[in-house]
Amino acid sequence: MSRIVALTGATGFIGAAIARRLKAADWQIRALVRPTSRRDHLDGLGLHWIEGALSDPESLRRLVLGADAVVHCAGAVRGADSEDFIRVNKHGVSRLVQAATEQLPKPRFLLISSLAAREPHLSPYAASKRQGEEELAAGAGEMPWAALRPSVVYGPGDKELLSLFRLMYRGVGLVLGPTDARFSMLYVDDLAEAVAQWLKCGNTRQRVFEVHDGQPDGYSWDDLIKTMARVREGRVRPVRISAPFLSILASINFVAAQAAGYAPMLTPGKVRELRHSNWVGDNTLFTRETGWIPLVRLEAGLRRILKPDSRSH
Ligand SMILES: NC(=O)c1ccc[n+]([C@@H]2O[C@H](COP(=O)([O-])OP(=O)(O)OC[C@H]3O[C@@H](n4cnc5c(N)ncnc54)[C@H](OP(=O)(O)O)[C@@H]3O)[C@@H](O)[C@H]2O)c1
């Protein structure tokens, strides 16, 4: 009989990839969904939907009832102020951990955190992801858990990076960070595979793991532009956006978002994340723990999303 996994965030970019991967590994998936969520892109996957929200403890209890594992992928990635992030990324974790620890036997619990949690001082998002990890560690008791800290995740279905990549693919290479900055990347299917491997491995050590695509020192903006030039088989012209200009844009966007009531992505906190020079992760612990090895490096990943019909990858 297949095992049950309770999944949050299945309607989002990463959660949908995790749902597809776990379905292929024969998990029965119980997925939390807000009444307002779009879920038609997951039709046909046979998910068992639980209507609710991270703010609704009763729906979380129904979600985890009798589950063998919980994968908590829902998160706020944009917000107007700290409270928008804390409400979801901290309190959402603690409510779900509480519901999971009430189960007997206790499920394995995997949190999709972020490499941003390594630098909580940089932004309200980063701070809230760190606090989510701390809520998990403090509330889990004996429950086996892990938190994965992916770096920048990209792939089909992503809304945040696709426009930047598309612009680069047309030859305009926006450079939003310092020239000496280095960052790891991770193709979304490799992250979904990491989740599947952790659920399978059976280890009960409670710890935080970094995960990335295996490029040892990550990438610079220059590497990204050169890689894109190979993918498009033409020049990509770097267009450097200065830190002061980016900060002004972020401040305008932040004020506009508060006035118009939308959740902004480009904020002063996001600019501090973009200007940070070291976002390189280290896979060593996670690979040792689970045997997971990422398969898709940046060039192959960009080809998959920008040239899906090409046979070259
Ligand atoms: N994308 C990246 O590069 C990246 C990198 C590192 C870590 N992460 C982490 O990965 C996770 C998923 O990110 P993503 O890029 O897939 O974001 P996404 O596409 O915006 O998906 C977010 C998901 O969380 C759900 N959600 C948000 N608030 C919720 C709430 N209050 N109650 C229930 N569900 C809620 C959303 O549901 P709706 O469909 O209802 O909105 C959606 O399913 C996040 O925890 C993020 O911090 C992302």
# chains A, B, ... in the order shown; residues from 1 in each chain; ligands from 1

call {"tool": "residues_near_ligand", "arguments": {"ligand": "ligand 1", "cutoff": "6 Å", "atoms": "only C-alpha atoms and all ligand atoms", "output": "short mmCIF file (atom, residue, chain, number, x, y, z; two decimals) with N, CA, C and O atoms, in the first residue's frame"}}
result
data_model
loop_
_atom_site.label_atom_id
_atom_site.label_comp_id
_atom_site.auth_asym_id
_atom_site.auth_seq_id
_atom_site.Cartn_x
_atom_site.Cartn_y
_atom_site.Cartn_z
N GLY A 9 1.76 23.91 -0.26
CA GLY A 9 2.39 24.68 -1.35
C GLY A 9 2.33 23.97 -2.69
O GLY A 9 3.02 24.39 -3.64
N ALA A 10 1.51 22.93 -2.83
CA ALA A 10 1.47 22.15 -4.08
C ALA A 10 1.03 23.01 -5.26
O ALA A 10 1.40 22.72 -6.41
N THR A 11 0.26 24.06 -5.01
CA THR A 11 -0.21 24.90 -6.12
C THR A 11 0.88 25.85 -6.62
O THR A 11 0.71 26.50 -7.64
N GLY A 12 1.99 25.95 -5.91
CA GLY A 12 3.06 26.87 -6.28
C GLY A 12 4.08 26.23 -7.22
O GLY A 12 3.96 25.06 -7.61
N PHE A 13 5.08 27.01 -7.56
CA PHE A 13 6.11 26.59 -8.52
C PHE A 13 6.85 25.34 -8.05
O PHE A 13 6.88 24.30 -8.73
N ILE A 14 7.45 25.39 -6.86
CA ILE A 14 8.26 24.26 -6.38
C ILE A 14 7.36 23.11 -5.91
O ILE A 14 7.63 21.95 -6.21
N GLY A 15 6.29 23.47 -5.21
CA GLY A 15 5.40 22.43 -4.67
C GLY A 15 4.81 21.56 -5.78
O GLY A 15 4.64 20.34 -5.60
N ARG A 34 -5.72 26.56 -0.57
CA ARG A 34 -6.62 27.63 -0.14
C ARG A 34 -7.79 27.70 -1.11
O ARG A 34 -7.61 27.41 -2.31
N SER A 37 -7.03 29.29 -4.36
CA SER A 37 -5.86 28.87 -5.15
C SER A 37 -6.25 28.34 -6.53
O SER A 37 -7.27 27.67 -6.67
N ARG A 38 -5.38 28.60 -7.50
CA ARG A 38 -5.52 27.97 -8.82
C ARG A 38 -4.92 26.57 -8.73
O ARG A 38 -3.79 26.40 -8.29
N ALA A 53 -5.83 26.47 5.19
CA ALA A 53 -4.74 27.45 5.11
C ALA A 53 -3.81 27.23 6.30
O ALA A 53 -4.19 26.59 7.28
N LEU A 54 -2.63 27.79 6.20
CA LEU A 54 -1.67 27.65 7.30
C LEU A 54 -2.17 28.36 8.56
O LEU A 54 -1.72 28.07 9.66
N CYS A 73 6.10 23.04 1.97
CA CYS A 73 6.72 23.85 0.92
C CYS A 73 6.04 25.22 0.80
O CYS A 73 6.60 26.13 0.22
N ALA A 74 4.84 25.36 1.37
CA ALA A 74 4.16 26.66 1.26
C ALA A 74 4.99 27.73 1.93
O ALA A 74 5.60 27.50 2.97
N GLY A 75 5.03 28.89 1.33
CA GLY A 75 5.77 29.98 1.95
C GLY A 75 5.41 31.28 1.28
O GLY A 75 4.94 31.31 0.14
N ALA A 76 5.64 32.38 2.00
CA ALA A 76 5.46 33.70 1.41
C ALA A 76 6.80 34.14 0.83
O ALA A 76 7.79 34.21 1.56
N VAL A 77 6.86 34.38 -0.47
CA VAL A 77 8.11 34.81 -1.10
C VAL A 77 8.08 36.30 -1.45
O VAL A 77 9.09 36.87 -1.84
N VAL A 88 3.29 33.73 7.65
CA VAL A 88 3.31 32.47 6.89
C VAL A 88 4.56 31.65 7.21
O VAL A 88 4.47 30.47 7.55
N ILE A 112 10.80 23.08 3.40
CA ILE A 112 11.56 23.78 2.35
C ILE A 112 11.85 25.18 2.88
O ILE A 112 10.98 26.05 2.92
N SER A 113 13.08 25.33 3.33
CA SER A 113 13.51 26.63 3.84
C SER A 113 14.17 27.39 2.68
O SER A 113 13.70 27.31 1.54
N SER A 114 15.24 28.07 2.93
CA SER A 114 15.92 28.84 1.86
C SER A 114 17.33 29.15 2.32
O SER A 114 17.58 29.32 3.51
N PRO A 150 17.46 25.51 -0.27
CA PRO A 150 17.87 25.66 -1.66
C PRO A 150 18.35 27.08 -1.91
O PRO A 150 17.96 28.01 -1.21
N SER A 151 19.19 27.20 -2.91
CA SER A 151 19.62 28.53 -3.35
C SER A 151 18.54 29.05 -4.31
O SER A 151 17.37 28.76 -4.10
N VAL A 152 18.92 29.74 -5.34
CA VAL A 152 17.94 30.20 -6.33
C VAL A 152 17.39 28.98 -7.08
O VAL A 152 18.17 28.21 -7.64
N VAL A 153 16.08 28.82 -7.07
CA VAL A 153 15.46 27.68 -7.76
C VAL A 153 14.81 28.20 -9.05
O VAL A 153 14.16 29.23 -9.04
#

call {"tool": "closest_atom_pairs", "arguments": {"of": "stretch 145-248 of chain A", "to": "stretch 261-277 of chain A", "cutoff": "8 Å", "atoms": "only C-alpha atoms", "output": "CSV"}}
result
residue,atom,partner,partner_atom,distance
A:Leu176,CA,A:Leu274,CA,6.7
A:Gly177,CA,A:Arg275,CA,4.9
A:Pro178,CA,A:Arg275,CA,6.0
A:Asp180,CA,A:Ser277,CA,6.6
A:Ala181,CA,A:Ser277,CA,4.0
A:Arg182,CA,A:Ser277,CA,6.0
A:Phe183,CA,A:Ser277,CA,7.9
A:Ala243,CA,A:Arg275,CA,7.5
A:Leu246,CA,A:Val271,CA,6.9
A:Ser247,CA,A:Pro268,CA,6.1

call {"tool": "closest_residue", "arguments": {"among": "A:Ser310, A:Leu224, A:Phe286, A:Glu135", "to": "A:Gln98", "atoms": "only C-alpha atoms"}}
result
A:Glu135

call {"tool": "atom_distance", "arguments": {"atom1": "atom CA of A:Gln131", "atom2": "atom CA of A:Lys90"}}
result
5.5 Å

call {"tool": "residues_around", "arguments": {"residues": "A:Val188", "least_positions_apart": "2", "cutoff": "10 Å", "atoms": "only C-alpha atoms", "output": "PyMOL selection string"}}
result
chain A and resi 13-18+150+152-158+185-186+190-194+213+296+301

call {"tool": "residues_around", "arguments": {"residues": "A:Val64", "least_positions_apart": "6", "cutoff": "8 Å", "atoms": "only C-alpha atoms", "output": "ChimeraX atom specification"}}
result
/A:5-6,70,99-100,103

call {"tool": "residues_around", "arguments": {"residues": "A:Pro238", "least_positions_apart": "6", "cutoff": "8 Å", "atoms": "only C-alpha atoms", "output": "PDB file with N, CA and C atoms, in the first residue's frame"}}
result
ATOM      1  N   VAL A 172      19.741  40.910 -23.759  1.00  0.00           N
ATOM      2  CA  VAL A 172      19.920  41.995 -22.787  1.00  0.00           C
ATOM      3  C   VAL A 172      20.165  41.372 -21.409  1.00  0.00           C
ATOM      4  N   GLY A 173      21.416  41.453 -20.966  1.00  0.00           N
ATOM      5  CA  GLY A 173      21.792  40.782 -19.717  1.00  0.00           C
ATOM      6  C   GLY A 173      21.755  41.715 -18.522  1.00  0.00           C
ATOM      7  N   LEU A 174      20.578  41.837 -17.896  1.00  0.00           N
ATOM      8  CA  LEU A 174      20.494  42.695 -16.705  1.00  0.00           C
ATOM      9  C   LEU A 174      21.358  42.106 -15.597  1.00  0.00           C
ATOM     10  N   VAL A 175      22.236  42.930 -15.023  1.00  0.00           N
ATOM     11  CA  VAL A 175      23.095  42.484 -13.920  1.00  0.00           C
ATOM     12  C   VAL A 175      22.631  43.221 -12.673  1.00  0.00           C
ATOM     13  N   ILE A 225      25.687  35.274 -17.809  1.00  0.00           N
ATOM     14  CA  ILE A 225      25.590  35.916 -19.126  1.00  0.00           C
ATOM     15  C   ILE A 225      26.308  35.085 -20.192  1.00  0.00           C
TER      16      ILE A 225
END

call {"tool": "atom_distance", "arguments": {"atom1": "atom CA of A:Arg237", "atom2": "atom CA of A:Thr179"}}
result
14.5 Å

call {"tool": "atom_distance", "arguments": {"atom1": "atom CA of A:Leu32", "atom2": "atom CA of A:Thr8"}}
result
5.1 Å

call {"tool": "select_by_dssp", "arguments": {"residues": "stretch 20-242 of chain A", "states": "alpha helix (DSSP H)", "output": "PyMOL selection string"}}
result
chain A and resi 20-24+57-64+82-85+91-101+124-139+162-169+188-201+221-232

call {"tool": "closest_residue", "arguments": {"among": "A:Ala117, A:Val239, A:Leu47, A:Leu111", "to": "A:Trp279", "atoms": "only C-alpha atoms"}}
result
A:Ala117
